Amino acid sequence: MIVEEHPVGTELAMNNAAGEGGIDFSCDPYIGLEFHSADDALKFYTSYGNRMGFKVRIGQLYRSRTDGSVSSRRFVCSKEGFQLSSRTGCPAFIRVQINASGRWVIDHFHKDHNHNLEINGENCTLTLPQKGAPSINSFTEVPRRPRKKFLEETNDGPTCPFGVINFKRLRKEEHEGQLRTEPHVGQEFNSPNEAYQFYNAYAAYCGFRIRIGQLFRSKNDGLVTSRRFVCSKEGFQHPSRVGCRAYLRIKRQPSGKWAVDRLRKDHNHDLDSEKEVGAKSLPASNTLTEEAKEQENVGLLGNGFTKDYEKCVYQSQAADEFDTTWNALLNKYGLKDNGWLREMYEKRASWVPLYLKGTFFAGIPMNESVDSFFGSLLNAQTPLTEFIPRYERGLERRREEERNEDFNTSNFQPLLQTKEPVEEQCRRLYTLTVFKVFQKELLQCYSYLGFKIYEEGGLSRYLVRKCGNDMEKHVVTFNASNLSINCSCQMFEYEGVLCRHVLRVFQILELREVPSRYILHRWTRNAEDGVFPDIESWSSSQELKNLMLWSLRETASKYIDAGATSIEKYKLAYEILREGGRKLCWHR
């Protein structure tokens, strides 16, 4: 059965006939029930929970190992788990999984709860309780929403104003049928300041005060990506604080808006009267502190600024070009006096990719977000009781990926795309993944032209530019006396693989093999076997010594593990070690 959409008309979702978006909610969950999307499944299960008398929250999601896309997700009873005192470890849940046709199907369903259910779904909606007001024919259904929504009366009444929301005014109008809204996951704001004003007004109504909590920055460009507003009693730094965990977190979206992505409403202390809170906190609701606003300026200037900023940071090829583009950016958007940008410019050598080209990063990209080592298994909110098993699962997953890569490298030979001897040499030496990087550079080098622009003794320089694009050019310097070569793009220094510009010069010089110093041992097939190439392949003797120590310890550890399995093997391993020790003494 497929849950299809039908026109709602004037029928309310509380009638259990249709809900928000026109989805049919008339049936109970069962294995095999299909939905057009995971959001539809969440809406369906939330409506079912309203009818049965329990609340729903979003549980785990599972990703595909092939492409990382979400393959299934769980929606659970709000009392699932034991992280809060109000939770009872309720086992009720549904799990939906995407099938080959792109639909989401319920493949697991547990109906029974281990707690009493609310009568008539009491407290299962997101509206604030009315204080003596007549009943209103309106309701908000889903606790997680894809974008901001206004609460409206079903009889075409006016919407609740968004932005600076004054709950005092709303309370005066409650007898006129005006609805009030609570913060919810998915709610959108135009700026962090607007989110702060909203949450502060909500706090004043509920009886607590808020303050600005942590902010989170991008590892790539330092821009603020998300920030938290917390209860004033969060933490223990002051005697008046009791470690309250209530907070609201907003995250910057690609559209430039800010959306609530995490929310916690439970407090561990008594809430004040509205009068007390209003006197203390409403004056602070007008604006964020000047420092916080300054930190967020970059994120609030829209997509036009973001595009120009990324072009300046990631596409500048020289220091002079970066300085010119940066100053033009500040002038264009009137940010010359922005203290945070001035500080970031002073630290440009530590974060702008242009200045980091000469630093070895093993190919980690600097112009895009880097996934966590453990993916979505761990985050800052992972409970301590779940951290260890998730950590072990993540570690095992990465080891499995490495074993698969080792198997592919040992058993598959990539196809050669050219007749160049260097391609055959690198196919023989490199791992499968690194060879694909090298092969891509080799194929690209045919699109470049090289010209000798300087020669003195054994030293020569070549200008290498792309055919049809005079702007893309680099200088390659070659020393014939020791076969050393470097390029102004510094790809080898950054990634450890020779670039297309150097390979083009190799073709001009008719060099048929890559010098051993440019085949990094870490990228070779025998990197784990303790077999080293020539000494000159290493940039320093200390680096070679460190690798020898590591290799000997790893090998010895394997023999020790094997020797500890039985008395006979232990005696054999012990004799081998003693004999090896005597031979080492003879070589002193």
# chains A, B, ... in the order shown; residues from 1 in each chain; ligands from 1
>>> residues_around(residues="A:Gln444", least_positions_apart="4", cutoff="12 Å", atoms="only C-alpha atoms", output="ChimeraX atom specification")
/A:417-418,437-440,448-449,465-467,499-504
>>> residues_around(residues="stretch 64-67 of chain A", least_positions_apart="3", cutoff="10 Å", atoms="only C-alpha atoms", output="list of chain:residue names")
A:Val70, A:Ser71, A:Ser72, A:Arg397, A:Glu401
>>> closest_residue(among="A:Ser37, A:Ser86, A:Asn331, A:Thr324", to="A:Gly102", atoms="only C-alpha atoms")
A:Ser37
>>> closest_residue(among="A:Cys206, A:Ile567, A:Ile31, A:Ile364", to="A:Asp272", atoms="only C-alpha atoms")
A:Cys206
>>> atom_distance(atom1="atom CA of A:Leu215", atom2="atom CA of A:Lys311")
24.8 Å
>>> atom_distance(atom1="atom CA of A:Ala203", atom2="atom CA of A:Leu263")
13.2 Å
>>> closest_residue(among="A:Arg217, A:Arg428, A:Lys111, A:Lys571", to="A:Arg525", atoms="only C-alpha atoms")
A:Arg428
>>> residues_around(residues="A:Thr433", least_positions_apart="6", cutoff="12 Å", atoms="only C-alpha atoms", output="JSON, numbers by chain")
{"A": [363, 402, 404, 405, 406, 408, 409, 410, 412, 413, 414, 426, 427, 439, 440, 497, 523, 524, 525]}
>>> write_last_selection(atoms="N, CA, C and O atoms", output="PDB file, in the first residue's frame")
ATOM      1  N   GLY A 363      47.149  15.111   0.573  1.00  0.00           N
ATOM      2  CA  GLY A 363      45.999  15.175  -0.321  1.00  0.00           C
ATOM      3  C   GLY A 363      44.694  15.556   0.326  1.00  0.00           C
ATOM      4  O   GLY A 363      43.653  15.533  -0.329  1.00  0.00           O
ATOM      5  N   GLU A 402      40.011  -0.317   4.736  1.00  0.00           N
ATOM      6  CA  GLU A 402      41.428  -0.448   4.417  1.00  0.00           C
ATOM      7  C   GLU A 402      41.754  -1.859   3.924  1.00  0.00           C
ATOM      8  O   GLU A 402      42.536  -2.031   2.984  1.00  0.00           O
ATOM      9  N   ASN A 404      39.692  -3.849   2.361  1.00  0.00           N
ATOM     10  CA  ASN A 404      39.162  -3.935   0.995  1.00  0.00           C
ATOM     11  C   ASN A 404      40.088  -3.255  -0.002  1.00  0.00           C
ATOM     12  O   ASN A 404      40.309  -3.759  -1.114  1.00  0.00           O
ATOM     13  N   GLU A 405      40.638  -2.099   0.401  1.00  0.00           N
ATOM     14  CA  GLU A 405      41.557  -1.393  -0.495  1.00  0.00           C
ATOM     15  C   GLU A 405      42.835  -2.208  -0.710  1.00  0.00           C
ATOM     16  O   GLU A 405      43.361  -2.279  -1.833  1.00  0.00           O
ATOM     17  N   ASP A 406      43.343  -2.826   0.355  1.00  0.00           N
ATOM     18  CA  ASP A 406      44.528  -3.672   0.217  1.00  0.00           C
ATOM     19  C   ASP A 406      44.255  -4.853  -0.718  1.00  0.00           C
ATOM     20  O   ASP A 406      45.099  -5.214  -1.548  1.00  0.00           O
ATOM     21  N   ASN A 408      42.006  -4.988  -3.156  1.00  0.00           N
ATOM     22  CA  ASN A 408      41.897  -4.497  -4.535  1.00  0.00           C
ATOM     23  C   ASN A 408      43.276  -4.189  -5.123  1.00  0.00           C
ATOM     24  O   ASN A 408      43.540  -4.473  -6.293  1.00  0.00           O
ATOM     25  N   THR A 409      44.156  -3.602  -4.308  1.00  0.00           N
ATOM     26  CA  THR A 409      45.497  -3.272  -4.790  1.00  0.00           C
ATOM     27  C   THR A 409      46.284  -4.530  -5.140  1.00  0.00           C
ATOM     28  O   THR A 409      47.020  -4.573  -6.133  1.00  0.00           O
ATOM     29  N   SER A 410      46.110  -5.573  -4.338  1.00  0.00           N
ATOM     30  CA  SER A 410      46.874  -6.809  -4.554  1.00  0.00           C
ATOM     31  C   SER A 410      46.327  -7.652  -5.699  1.00  0.00           C
ATOM     32  O   SER A 410      47.076  -8.420  -6.316  1.00  0.00           O
ATOM     33  N   PHE A 412      44.004  -6.507  -8.353  1.00  0.00           N
ATOM     34  CA  PHE A 412      43.532  -5.861  -9.580  1.00  0.00           C
ATOM     35  C   PHE A 412      44.619  -4.976 -10.156  1.00  0.00           C
ATOM     36  O   PHE A 412      45.306  -4.267  -9.425  1.00  0.00           O
ATOM     37  N   GLN A 413      44.757  -5.020 -11.463  1.00  0.00           N
ATOM     38  CA  GLN A 413      45.711  -4.181 -12.170  1.00  0.00           C
ATOM     39  C   GLN A 413      44.939  -3.134 -12.960  1.00  0.00           C
ATOM     40  O   GLN A 413      44.125  -3.481 -13.831  1.00  0.00           O
ATOM     41  N   PRO A 414      45.170  -1.850 -12.700  1.00  0.00           N
ATOM     42  CA  PRO A 414      44.482  -0.829 -13.504  1.00  0.00           C
ATOM     43  C   PRO A 414      44.982  -0.833 -14.936  1.00  0.00           C
ATOM     44  O   PRO A 414      46.136  -1.193 -15.214  1.00  0.00           O
ATOM     45  N   CYS A 426      54.818   3.483 -12.390  1.00  0.00           N
ATOM     46  CA  CYS A 426      53.982   3.880 -11.244  1.00  0.00           C
ATOM     47  C   CYS A 426      52.860   2.881 -10.989  1.00  0.00           C
ATOM     48  O   CYS A 426      52.431   2.716  -9.843  1.00  0.00           O
ATOM     49  N   ARG A 427      52.372   2.205 -12.034  1.00  0.00           N
ATOM     50  CA  ARG A 427      51.371   1.163 -11.814  1.00  0.00           C
ATOM     51  C   ARG A 427      51.961   0.028 -10.998  1.00  0.00           C
ATOM     52  O   ARG A 427      51.289  -0.574 -10.154  1.00  0.00           O
ATOM     53  N   GLN A 439      47.726   8.803 -12.688  1.00  0.00           N
ATOM     54  CA  GLN A 439      47.295   8.589 -14.071  1.00  0.00           C
ATOM     55  C   GLN A 439      46.484   9.777 -14.580  1.00  0.00           C
ATOM     56  O   GLN A 439      46.608  10.187 -15.742  1.00  0.00           O
ATOM     57  N   LYS A 440      45.663  10.365 -13.716  1.00  0.00           N
ATOM     58  CA  LYS A 440      44.885  11.546 -14.110  1.00  0.00           C
ATOM     59  C   LYS A 440      45.814  12.703 -14.480  1.00  0.00           C
ATOM     60  O   LYS A 440      45.605  13.390 -15.487  1.00  0.00           O
ATOM     61  N   VAL A 497      52.405  13.613  -4.926  1.00  0.00           N
ATOM     62  CA  VAL A 497      52.325  13.031  -6.263  1.00  0.00           C
ATOM     63  C   VAL A 497      52.731  14.104  -7.265  1.00  0.00           C
ATOM     64  O   VAL A 497      52.331  15.268  -7.127  1.00  0.00           O
ATOM     65  N   TRP A 523      52.995   5.853  -0.302  1.00  0.00           N
ATOM     66  CA  TRP A 523      51.992   5.587  -1.336  1.00  0.00           C
ATOM     67  C   TRP A 523      52.247   4.272  -2.072  1.00  0.00           C
ATOM     68  O   TRP A 523      51.521   3.949  -3.010  1.00  0.00           O
ATOM     69  N   THR A 524      53.257   3.512  -1.684  1.00  0.00           N
ATOM     70  CA  THR A 524      53.613   2.311  -2.441  1.00  0.00           C
ATOM     71  C   THR A 524      52.901   1.078  -1.901  1.00  0.00           C
ATOM     72  O   THR A 524      52.404   1.062  -0.775  1.00  0.00           O
ATOM     73  N   ARG A 525      52.899   0.029  -2.715  1.00  0.00           N
ATOM     74  CA  ARG A 525      52.220  -1.216  -2.355  1.00  0.00           C
ATOM     75  C   ARG A 525      52.861  -1.901  -1.143  1.00  0.00           C
ATOM     76  O   ARG A 525      52.188  -2.601  -0.395  1.00  0.00           O
TER      77      ARG A 525
END
>>> closest_residue(among="A:Arg398, A:Gln214, A:Arg249, A:Lys265", to="A:Tyr202", atoms="only C-alpha atoms")
A:Lys265
>>> closest_residue(among="A:Tyr62, A:Tyr196, A:Phe75, A:Tyr462", to="A:Lys43", atoms="only C-alpha atoms")
A:Phe75
>>> residues_around(residues="stretch 96-100 of chain A", least_positions_apart="3", cutoff="12 Å", atoms="only C-alpha atoms", output="compact mmCIF listing (two decimals) with N, CA, C and O atoms, in the first residue's frame")
# COMPACT_ATOMS: atom_id res chain seq x y z
N PRO A 29 0.41 1.81 11.31
CA PRO A 29 1.64 1.34 10.66
C PRO A 29 1.64 -0.18 10.53
O PRO A 29 1.11 -0.90 11.38
N TYR A 30 2.25 -0.66 9.46
CA TYR A 30 2.48 -2.10 9.30
C TYR A 30 3.65 -2.28 8.35
O TYR A 30 3.96 -1.39 7.53
N ILE A 31 4.31 -3.41 8.45
CA ILE A 31 5.47 -3.69 7.61
C ILE A 31 5.02 -3.80 6.15
O ILE A 31 4.09 -4.52 5.82
N GLY A 32 5.72 -3.05 5.29
CA GLY A 32 5.37 -3.02 3.87
C GLY A 32 4.69 -1.74 3.45
O GLY A 32 4.54 -1.47 2.26
N LEU A 33 4.27 -0.91 4.42
CA LEU A 33 3.62 0.36 4.09
C LEU A 33 4.64 1.30 3.45
O LEU A 33 5.75 1.46 3.95
N GLU A 34 4.28 1.92 2.33
CA GLU A 34 5.22 2.73 1.55
C GLU A 34 4.89 4.22 1.66
O GLU A 34 3.74 4.61 1.83
N PHE A 35 5.95 5.04 1.52
CA PHE A 35 5.83 6.50 1.52
C PHE A 35 6.68 7.07 0.40
O PHE A 35 7.63 6.44 -0.06
N HIS A 36 6.33 8.28 0.01
CA HIS A 36 7.11 8.95 -1.03
C HIS A 36 8.46 9.45 -0.50
O HIS A 36 9.41 9.58 -1.27
N SER A 37 8.55 9.75 0.80
CA SER A 37 9.78 10.27 1.37
C SER A 37 9.83 9.92 2.85
O SER A 37 8.83 9.52 3.46
N ALA A 38 11.02 10.07 3.45
CA ALA A 38 11.18 9.83 4.88
C ALA A 38 10.39 10.85 5.69
O ALA A 38 9.89 10.54 6.77
N ASP A 39 10.28 12.09 5.17
CA ASP A 39 9.48 13.11 5.87
C ASP A 39 8.02 12.70 5.94
O ASP A 39 7.35 12.92 6.96
N ASP A 40 7.51 12.09 4.86
CA ASP A 40 6.12 11.62 4.88
C ASP A 40 5.95 10.54 5.95
O ASP A 40 4.92 10.48 6.65
N ALA A 41 6.94 9.65 6.08
CA ALA A 41 6.87 8.60 7.09
C ALA A 41 6.87 9.20 8.50
O ALA A 41 6.13 8.74 9.39
N LEU A 42 7.67 10.25 8.70
CA LEU A 42 7.70 10.92 10.00
C LEU A 42 6.36 11.56 10.32
O LEU A 42 5.85 11.43 11.44
N PHE A 44 3.47 10.69 9.14
CA PHE A 44 2.49 9.62 9.36
C PHE A 44 2.62 9.06 10.78
O PHE A 44 1.63 8.91 11.49
N TYR A 45 3.87 8.76 11.21
CA TYR A 45 4.06 8.16 12.53
C TYR A 45 3.74 9.16 13.64
O TYR A 45 3.24 8.79 14.70
N ILE A 58 13.00 11.71 16.27
CA ILE A 58 13.78 11.06 15.22
C ILE A 58 14.93 10.29 15.84
O ILE A 58 15.68 10.82 16.67
N GLY A 59 15.07 9.02 15.47
CA GLY A 59 16.13 8.18 16.00
C GLY A 59 17.31 8.10 15.06
O GLY A 59 17.65 9.05 14.36
N GLN A 60 17.95 6.93 15.03
CA GLN A 60 19.16 6.75 14.23
C GLN A 60 18.85 6.79 12.75
O GLN A 60 17.75 6.48 12.31
N LEU A 61 19.86 7.19 11.98
CA LEU A 61 19.81 7.01 10.53
C LEU A 61 20.98 6.13 10.11
O LEU A 61 22.00 6.07 10.78
N TYR A 62 20.82 5.45 9.02
CA TYR A 62 21.83 4.52 8.52
C TYR A 62 22.20 4.95 7.10
O TYR A 62 21.33 5.29 6.30
N ARG A 63 23.49 4.94 6.81
CA ARG A 63 23.97 5.39 5.50
C ARG A 63 24.51 4.21 4.68
O ARG A 63 24.99 3.23 5.22
N SER A 64 24.43 4.39 3.36
CA SER A 64 24.97 3.40 2.44
C SER A 64 26.50 3.43 2.51
O SER A 64 27.11 4.51 2.57
N SER A 69 24.83 7.92 1.11
CA SER A 69 23.47 8.45 1.18
C SER A 69 22.67 7.72 2.27
O SER A 69 22.98 6.59 2.64
N VAL A 70 21.65 8.40 2.80
CA VAL A 70 20.82 7.81 3.85
C VAL A 70 20.00 6.67 3.25
O VAL A 70 19.26 6.86 2.28
N SER A 71 20.13 5.48 3.83
CA SER A 71 19.43 4.31 3.30
C SER A 71 18.23 3.91 4.15
O SER A 71 17.30 3.30 3.65
N SER A 72 18.26 4.23 5.44
CA SER A 72 17.11 3.93 6.30
C SER A 72 17.19 4.81 7.53
O SER A 72 18.26 5.33 7.87
N ARG A 73 16.04 4.98 8.20
CA ARG A 73 16.04 5.74 9.44
C ARG A 73 14.94 5.29 10.37
O ARG A 73 13.96 4.68 9.93
N ARG A 74 15.12 5.54 11.65
CA ARG A 74 14.19 5.11 12.68
C ARG A 74 13.47 6.32 13.26
O ARG A 74 14.07 7.37 13.47
N PHE A 75 12.17 6.15 13.55
CA PHE A 75 11.38 7.13 14.28
C PHE A 75 10.88 6.42 15.53
O PHE A 75 10.25 5.36 15.44
N VAL A 76 11.19 6.98 16.70
CA VAL A 76 10.99 6.27 17.96
C VAL A 76 10.05 7.04 18.87
O VAL A 76 9.78 8.23 18.67
N PHE A 93 8.86 1.71 17.96
CA PHE A 93 9.51 2.47 16.87
C PHE A 93 9.03 1.93 15.54
O PHE A 93 8.42 0.84 15.45
N ARG A 103 11.15 4.68 -3.12
CA ARG A 103 10.15 4.87 -2.08
C ARG A 103 10.70 4.36 -0.74
O ARG A 103 11.61 3.56 -0.69
N TRP A 104 10.08 4.86 0.35
CA TRP A 104 10.48 4.48 1.70
C TRP A 104 9.46 3.50 2.26
O TRP A 104 8.27 3.80 2.30
N VAL A 105 9.93 2.34 2.71
CA VAL A 105 9.06 1.24 3.13
C VAL A 105 9.33 0.91 4.60
O VAL A 105 10.48 0.85 5.03
N ILE A 106 8.26 0.71 5.36
CA ILE A 106 8.42 0.26 6.75
C ILE A 106 8.89 -1.20 6.74
O ILE A 106 8.19 -2.08 6.25
N ASP A 107 10.10 -1.43 7.25
CA ASP A 107 10.62 -2.80 7.30
C ASP A 107 10.72 -3.32 8.74
O ASP A 107 10.95 -4.51 8.95
N HIS A 108 10.59 -2.44 9.74
CA HIS A 108 10.54 -2.84 11.14
C HIS A 108 9.49 -2.01 11.86
O HIS A 108 9.40 -0.80 11.64
N PHE A 109 8.69 -2.66 12.70
CA PHE A 109 7.65 -1.94 13.44
C PHE A 109 7.45 -2.63 14.78
O PHE A 109 7.17 -3.83 14.85
>>> atom_distance(atom1="atom CA of A:Arg393", atom2="atom CA of A:Arg262")
24.7 Å
